[in-house]
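Everything below concerns the one structure shown next.
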Number of protein chains: 2
Amino acid sequence: METQHSTDSVSNIAAVERDTGLSKDTLRVWERRYGFPVPLRDANGDRLYPSAQVEKLRLIRRLIDQGKRPAKVIGASTEELLALIGDMPDSSAAATANHSMLQYVRLHRSAELAAALRQALLKQGLQRFAAETVAPLNEAIGEAWMRGEIDVSEEHLYTEQVQNVLRGAIGAHIGAGTRPRVLLTTFPDEEHVLGLLMVEATLVAEGAHCLSLGTRTPLPDLRSAAVDGGFDVVGLSFSAAYPSRQAIDDLLQLRAMLPASIAMWAGGSAVKGKGKRLPDIRVVDSLADCVTALAEWRVAHLG
Amino acid sequence: METQHSTDSVSNIAAVERDTGLSKDTLRVWERRYGFPVPLRDANGDRLYPSAQVEKLRLIRRLIDQGKRPAKVIGASTEELLALIGDMPDSSAAATANHSMLQYVRLHRSAELAAALRQALLKQGLQRFAAETVAPLNEAIGEAWMRGEIDVSEEHLYTEQVQNVLRGAIGAHIGAGTRPRVLLTTFPDEEHVLGLLMVEATLVAEGAHCLSLGTRTPLPDLRSAAVDGGFDVVGLSFSAAYPSRQAIDDLLQLRAMLPASIAMWAGGSAVKGKGKRLPDIRVVDSLADCVTALAEWRVAHLG
DNA sequence: ATTCAATTTTGTCCAGGACAAATATCATGG
DNA sequence: CCATGATATTTGTCCTGGACAAAATTGAAT
């Protein structure tokens, strides 16, 4: 019943599950089938994972989330995995991101980061700030994390500062009474919040009335919130880690629960290009496409 | 808004784990030992939990988090559980909470809620707003949720609106260069964010320099962030659900990793009254006690 | 090239046993 | 009476090894 944290020695299986996102069952079956990881054992026969194996598991997890197959990556050495990461498609996001902000994250310069974010917001306005500053930064941070160039606390610092700035700006736009009324959230297995905030910022800047429920809203609760609140649109956000199939199933299930008068919009890499399999759901490609979807809705419903 | 009564759907064991916080192992062993829950089975023998059983499991989970023992509550009927909840000690928080705000939450009146929160902030100032408005509201919401008077989407709506207001106000206080420099976060198994934000608001209002890393920071990352960032204090927040023993173990482990020059403060019901077992850690009783701890630090370090 | 069927891969679930940490109970001494 | 410590019970987590279906890949046929 011990729950230890990953010091640089060993972690129990519960800590590895928490830190890698791989279930205990998956960890055991990988060991049985692929011969990795091979944890030590304590006096009671319980698995103890050295931190090097946990690190490698996190790399493997990220690669699988991006489409690699377990059999192809589990056997590889840590060096080969890092090489694979370098080959991943959009490894150029860092180039378009604001370089000094990235440095502030790496150096734990939170005050400078916050100041730079606020300055960019003032200069660009909320909408361009979300699309041209936050979005590329998110990608650059994700890639840097995968390469081990930044650690969890730096990623957290970044997320917190961006949240503070975006929420402050969103709160300043009081768009009560405007249309459409958009309800934003994620499904119960999706916990990434920044995508949602960026969409909210983009829509609010266009004069829509937005309400975000944050992450992980159960479907029945989401349905009643949308119906009772008189919303015109329900927006769902997905990160790259969300299984595409599950996204489609969940969306169709929600679509069947909602009256046809409430539109559904879905965005994120899990639904990219899946428009054909999602009838009556507007697949949103990008933040810019949010604006288009908004304009379409207004033409259709407000004349 | 009445209890969202049974949608007569069923959940698999993974969904129940996600929605109740009870592990798959725990769900199976309860079934074996106590005869509850007794899920249906699908064609393959996999468990299917009716929503009524999931609801009851959530009640049981909350009661156990508050100190009840499983054997005492698992056998009880849903009615008996609700009676137990009525008997819980601090069932009077609702009385001190702002009643109209609670109504806004129940009625999904997000715009009115946001306006009321902002008005209270302006009237009370940041510090009293956190202590006298947000803290009682948190308790009242928690109790109402337990009684089934509000659902997940309403709790989310509340959390989002409070976050927006608190983060906006915190962002407005730019306390760079002031002392002490306080690093705030939670341990990896603690995901409640509002406690952290309330502490940050309280300290920032007293002119401290605060940086929050949000929730779930691994200990090694927390250590390096505190040391590299030149922080004077590391503050940890715990909710009622955090096992007291684990909180003590984790705090002592972190204490051993940090240099003596960095103070540690811990707050929340999991550490209440445990001061004797936490040498060299300042146990903070309440938001008001945060201010005392701050004053103590300043006397000791700044003369 | 597209569709469809067969095959392999992969994650999740199951049963039932075991163990140690957490908690309660009880005895003893201040 | 409270405190301390020994003993018993409760409780959550981990184990093994088997099974199955959904997803992805491969191969065949149109």
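A note on labels: chains of the structure tokens are A, B, ... as shown, every chain counts residues from 1, and ligands are counted from 1 in their shown order.
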Check which residues of chain B sit at most 10 Å from chain C using only C-alpha atoms (C1' of nucleotides), and return one row each with the closest pair of atoms and their distance in Å to one decimal, ordered by chain and rising number, as a Markdown table.
```
| residue | atom | partner | partner_atom | distance |
| --- | --- | --- | --- | --- |
| B:Asn12 | CA | C:DC13 | C1' | 9.9 |
| B:Ile13 | CA | C:DC13 | C1' | 8.7 |
| B:Ala14 | CA | C:DT12 | C1' | 8.9 |
| B:Lys24 | CA | C:DC13 | C1' | 9.8 |
| B:Arg28 | CA | C:DC14 | C1' | 9.7 |
| B:Arg32 | CA | C:DG16 | C1' | 9.7 |
| B:Asn44 | CA | C:DC13 | C1' | 9.4 |
| B:Gly45 | CA | C:DC14 | C1' | 8.0 |
| B:Asp46 | CA | C:DC13 | C1' | 6.5 |
| B:Arg47 | CA | C:DC13 | C1' | 8.6 |
| B:Arg69 | CA | C:DT23 | C1' | 9.3 |
| B:Arg245 | CA | C:DA22 | C1' | 9.1 |
```
With N, CA and C atoms retained, could you export that selection as a PDB file, in the first residue's frame?
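Just written: selection08.pdb:
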```
ATOM      1  N   ASN B  12     -18.766   0.278 -18.223  1.00  0.00           N
ATOM      2  CA  ASN B  12     -17.797  -0.783 -17.985  1.00  0.00           C
ATOM      3  C   ASN B  12     -16.901  -0.382 -16.814  1.00  0.00           C
ATOM      4  N   ILE B  13     -16.028  -1.301 -16.406  1.00  0.00           N
ATOM      5  CA  ILE B  13     -15.297  -1.080 -15.166  1.00  0.00           C
ATOM      6  C   ILE B  13     -14.327   0.103 -15.276  1.00  0.00           C
ATOM      7  N   ALA B  14     -13.814   0.358 -16.481  1.00  0.00           N
ATOM      8  CA  ALA B  14     -12.896   1.482 -16.660  1.00  0.00           C
ATOM      9  C   ALA B  14     -13.627   2.807 -16.451  1.00  0.00           C
ATOM     10  N   LYS B  24      -9.992  -0.395 -10.333  1.00  0.00           N
ATOM     11  CA  LYS B  24     -10.608  -1.643 -10.791  1.00  0.00           C
ATOM     12  C   LYS B  24     -10.411  -2.738  -9.759  1.00  0.00           C
ATOM     13  N   ARG B  28     -13.422  -4.829  -7.806  1.00  0.00           N
ATOM     14  CA  ARG B  28     -13.567  -6.291  -7.837  1.00  0.00           C
ATOM     15  C   ARG B  28     -13.519  -6.883  -6.438  1.00  0.00           C
ATOM     16  N   ARG B  32     -16.283  -9.122  -4.247  1.00  0.00           N
ATOM     17  CA  ARG B  32     -15.967 -10.422  -3.676  1.00  0.00           C
ATOM     18  C   ARG B  32     -16.260 -10.438  -2.177  1.00  0.00           C
ATOM     19  N   ASN B  44     -19.308 -11.461 -22.859  1.00  0.00           N
ATOM     20  CA  ASN B  44     -17.960 -11.967 -22.617  1.00  0.00           C
ATOM     21  C   ASN B  44     -17.641 -12.106 -21.119  1.00  0.00           C
ATOM     22  N   GLY B  45     -18.623 -11.890 -20.262  1.00  0.00           N
ATOM     23  CA  GLY B  45     -18.372 -11.990 -18.822  1.00  0.00           C
ATOM     24  C   GLY B  45     -17.838 -10.711 -18.208  1.00  0.00           C
ATOM     25  N   ASP B  46     -17.707  -9.650 -18.996  1.00  0.00           N
ATOM     26  CA  ASP B  46     -17.208  -8.380 -18.452  1.00  0.00           C
ATOM     27  C   ASP B  46     -18.294  -7.671 -17.655  1.00  0.00           C
ATOM     28  N   ARG B  47     -17.859  -6.994 -16.579  1.00  0.00           N
ATOM     29  CA  ARG B  47     -18.805  -6.308 -15.709  1.00  0.00           C
ATOM     30  C   ARG B  47     -19.457  -5.103 -16.388  1.00  0.00           C
ATOM     31  N   ARG B  69     -15.679   4.041   7.480  1.00  0.00           N
ATOM     32  CA  ARG B  69     -15.010   2.818   7.057  1.00  0.00           C
ATOM     33  C   ARG B  69     -15.882   2.065   6.059  1.00  0.00           C
ATOM     34  N   ARG B 245      -1.692   9.872   5.946  1.00  0.00           N
ATOM     35  CA  ARG B 245      -0.389   9.232   6.065  1.00  0.00           C
ATOM     36  C   ARG B 245       0.490   9.531   4.850  1.00  0.00           C
TER      37      ARG B 245
END
```
State the Cα RMSD (Å, one decimal) obtained when chain B is least-squares superposed onto chain A, all Cα atoms paired in order. 3.3 Å
If the cut-off is 6 Å, can you tell me the residues of chain B near chain A, counting only C-alpha atoms? I'd like them as a compact mmCIF listing (two decimals) with N, CA and C atoms, in the first residue's frame.
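Just written: result_4.txt:
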```
# COMPACT_ATOMS: atom_id res chain seq x y z
N SER B 153 -21.54 18.99 -14.22
CA SER B 153 -21.39 20.16 -15.08
C SER B 153 -21.55 21.44 -14.26
N HIS B 156 -18.36 21.97 -12.40
CA HIS B 156 -17.35 22.46 -13.34
C HIS B 156 -17.56 23.94 -13.65
N LEU B 157 -18.80 24.29 -13.89
CA LEU B 157 -19.13 25.69 -14.19
C LEU B 157 -18.63 26.59 -13.07
N ASN B 164 -11.50 31.88 -13.31
CA ASN B 164 -11.36 33.06 -14.15
C ASN B 164 -11.19 34.32 -13.30
N ARG B 167 -7.78 34.12 -11.14
CA ARG B 167 -6.57 34.27 -11.95
C ARG B 167 -6.44 35.68 -12.51
N GLY B 168 -7.58 36.24 -12.88
CA GLY B 168 -7.52 37.62 -13.37
C GLY B 168 -7.00 38.56 -12.29
N LEU B 213 2.75 26.31 -9.84
CA LEU B 213 3.01 25.33 -10.91
C LEU B 213 1.76 24.51 -11.20
N ASP B 221 11.14 17.24 -9.90
CA ASP B 221 10.96 18.47 -10.68
C ASP B 221 10.66 19.65 -9.76
```
Per residue of chain D within 12 Å of chain B, record the nearest atom pair and its distance in Å to one decimal, counting only C-alpha atoms (C1' of nucleotides), with rows in chain order and ascending residue number, as a Markdown table.
```
| residue | atom | partner | partner_atom | distance |
| --- | --- | --- | --- | --- |
| D:DT9 | C1' | B:Ala71 | CA | 11.5 |
| D:DT10 | C1' | B:Ala71 | CA | 8.3 |
| D:DT11 | C1' | B:Pro70 | CA | 8.3 |
| D:DG12 | C1' | B:Thr26 | CA | 6.7 |
| D:DT13 | C1' | B:Asp25 | CA | 7.5 |
| D:DC14 | C1' | B:Asp25 | CA | 9.3 |
| D:DC15 | C1' | B:Asp25 | CA | 11.8 |
| D:DA19 | C1' | B:Asn44 | CA | 9.6 |
| D:DC20 | C1' | B:Asn44 | CA | 7.6 |
| D:DA21 | C1' | B:Asn44 | CA | 9.1 |
```
Written file, previous selection with N, CA and C atoms (P, O5', C5', C4', C3', O3' and C1' of nucleotides), as an mmCIF file, in the first residue's frame:
```cif
data_model
loop_
_atom_site.group_PDB
_atom_site.id
_atom_site.type_symbol
_atom_site.label_atom_id
_atom_site.label_comp_id
_atom_site.auth_asym_id
_atom_site.auth_seq_id
_atom_site.Cartn_x
_atom_site.Cartn_y
_atom_site.Cartn_z
ATOM 1 P P DT D 9 -9.489 -11.434 14.912
ATOM 2 O "O5'" DT D 9 -9.921 -10.252 13.949
ATOM 3 C "C5'" DT D 9 -10.593 -9.131 14.501
ATOM 4 C "C4'" DT D 9 -10.607 -8.016 13.477
ATOM 5 C "C3'" DT D 9 -11.134 -8.416 12.099
ATOM 6 O "O3'" DT D 9 -12.261 -7.607 11.854
ATOM 7 C "C1'" DT D 9 -9.143 -7.124 11.921
ATOM 8 P P DT D 10 -13.090 -7.794 10.488
ATOM 9 O "O5'" DT D 10 -12.527 -6.567 9.651
ATOM 10 C "C5'" DT D 10 -12.486 -5.295 10.269
ATOM 11 C "C4'" DT D 10 -11.763 -4.309 9.358
ATOM 12 C "C3'" DT D 10 -12.284 -4.275 7.921
ATOM 13 O "O3'" DT D 10 -12.495 -2.912 7.623
ATOM 14 C "C1'" DT D 10 -9.930 -4.525 7.932
ATOM 15 P P DT D 11 -13.317 -2.470 6.354
ATOM 16 O "O5'" DT D 11 -12.170 -2.306 5.277
ATOM 17 C "C5'" DT D 11 -11.214 -1.268 5.468
ATOM 18 C "C4'" DT D 11 -10.088 -1.421 4.480
ATOM 19 C "C3'" DT D 11 -10.533 -1.602 3.029
ATOM 20 O "O3'" DT D 11 -10.238 -0.414 2.360
ATOM 21 C "C1'" DT D 11 -8.643 -2.956 3.594
ATOM 22 P P DG D 12 -10.769 -0.149 0.867
ATOM 23 O "O5'" DG D 12 -9.394 -0.108 0.055
ATOM 24 C "C5'" DG D 12 -8.396 0.785 0.503
ATOM 25 C "C4'" DG D 12 -7.065 0.440 -0.110
ATOM 26 C "C3'" DG D 12 -7.070 0.383 -1.637
ATOM 27 O "O3'" DG D 12 -5.943 1.125 -2.072
ATOM 28 C "C1'" DG D 12 -6.227 -1.662 -0.751
ATOM 29 P P DT D 13 -5.686 1.337 -3.653
ATOM 30 O "O5'" DT D 13 -4.530 0.285 -3.948
ATOM 31 C "C5'" DT D 13 -3.347 0.369 -3.189
ATOM 32 C "C4'" DT D 13 -2.475 -0.807 -3.488
ATOM 33 C "C3'" DT D 13 -2.209 -1.031 -4.985
ATOM 34 O "O3'" DT D 13 -0.811 -1.026 -5.145
ATOM 35 C "C1'" DT D 13 -2.827 -3.060 -3.917
ATOM 36 P P DC D 14 -0.193 -0.960 -6.621
ATOM 37 O "O5'" DC D 14 0.293 -2.445 -6.874
ATOM 38 C "C5'" DC D 14 1.249 -3.013 -5.999
ATOM 39 C "C4'" DC D 14 1.274 -4.504 -6.164
ATOM 40 C "C3'" DC D 14 1.394 -4.977 -7.620
ATOM 41 O "O3'" DC D 14 2.698 -5.483 -7.857
ATOM 42 C "C1'" DC D 14 -0.183 -6.275 -6.357
ATOM 43 P P DC D 15 3.068 -6.088 -9.283
ATOM 44 O "O5'" DC D 15 2.608 -7.611 -9.155
ATOM 45 C "C5'" DC D 15 3.229 -8.417 -8.170
ATOM 46 C "C4'" DC D 15 2.663 -9.805 -8.200
ATOM 47 C "C3'" DC D 15 2.563 -10.408 -9.599
ATOM 48 O "O3'" DC D 15 3.732 -11.134 -9.884
ATOM 49 C "C1'" DC D 15 0.560 -10.795 -8.332
ATOM 50 P P DA D 19 -7.097 -20.074 -21.773
ATOM 51 O "O5'" DA D 19 -8.042 -18.868 -22.189
ATOM 52 C "C5'" DA D 19 -9.070 -18.457 -21.286
ATOM 53 C "C4'" DA D 19 -9.646 -17.151 -21.768
ATOM 54 C "C3'" DA D 19 -9.922 -17.117 -23.268
ATOM 55 O "O3'" DA D 19 -11.333 -17.050 -23.444
ATOM 56 C "C1'" DA D 19 -8.870 -15.108 -22.495
ATOM 57 P P DC D 20 -12.006 -17.298 -24.871
ATOM 58 O "O5'" DC D 20 -12.309 -15.803 -25.330
ATOM 59 C "C5'" DC D 20 -12.981 -14.930 -24.433
ATOM 60 C "C4'" DC D 20 -12.808 -13.506 -24.911
ATOM 61 C "C3'" DC D 20 -13.064 -13.338 -26.415
ATOM 62 O "O3'" DC D 20 -14.031 -12.341 -26.591
ATOM 63 C "C1'" DC D 20 -11.056 -12.263 -25.761
ATOM 64 P P DA D 21 -14.986 -12.381 -27.867
ATOM 65 O "O5'" DA D 21 -14.903 -10.859 -28.295
ATOM 66 C "C5'" DA D 21 -15.093 -9.851 -27.303
ATOM 67 C "C4'" DA D 21 -14.409 -8.563 -27.755
ATOM 68 C "C3'" DA D 21 -14.701 -8.173 -29.201
ATOM 69 O "O3'" DA D 21 -14.627 -6.768 -29.271
ATOM 70 C "C1'" DA D 21 -12.412 -8.517 -28.965
#
```
Could you go through stretch 30-128 of chain A and tell me which residues DSSP, when run on the backbone, assigns to strand (DSSP E or B), listing them as a VMD selection string? chain A and resid 40 to 41 47 to 50
As a PyMOL selection string, list the residues of stretch 105-239 of chain B assigned to alpha helix (DSSP H) by DSSP on the backbone atoms of this structure. chain B and resi 105-106+110-128+135-146+152-172+194-205+219-228
Can you work out the spacing between atom CA of B:Val233 and atom CA of B:Ser261 in Å, to one decimal? 8.8 Å
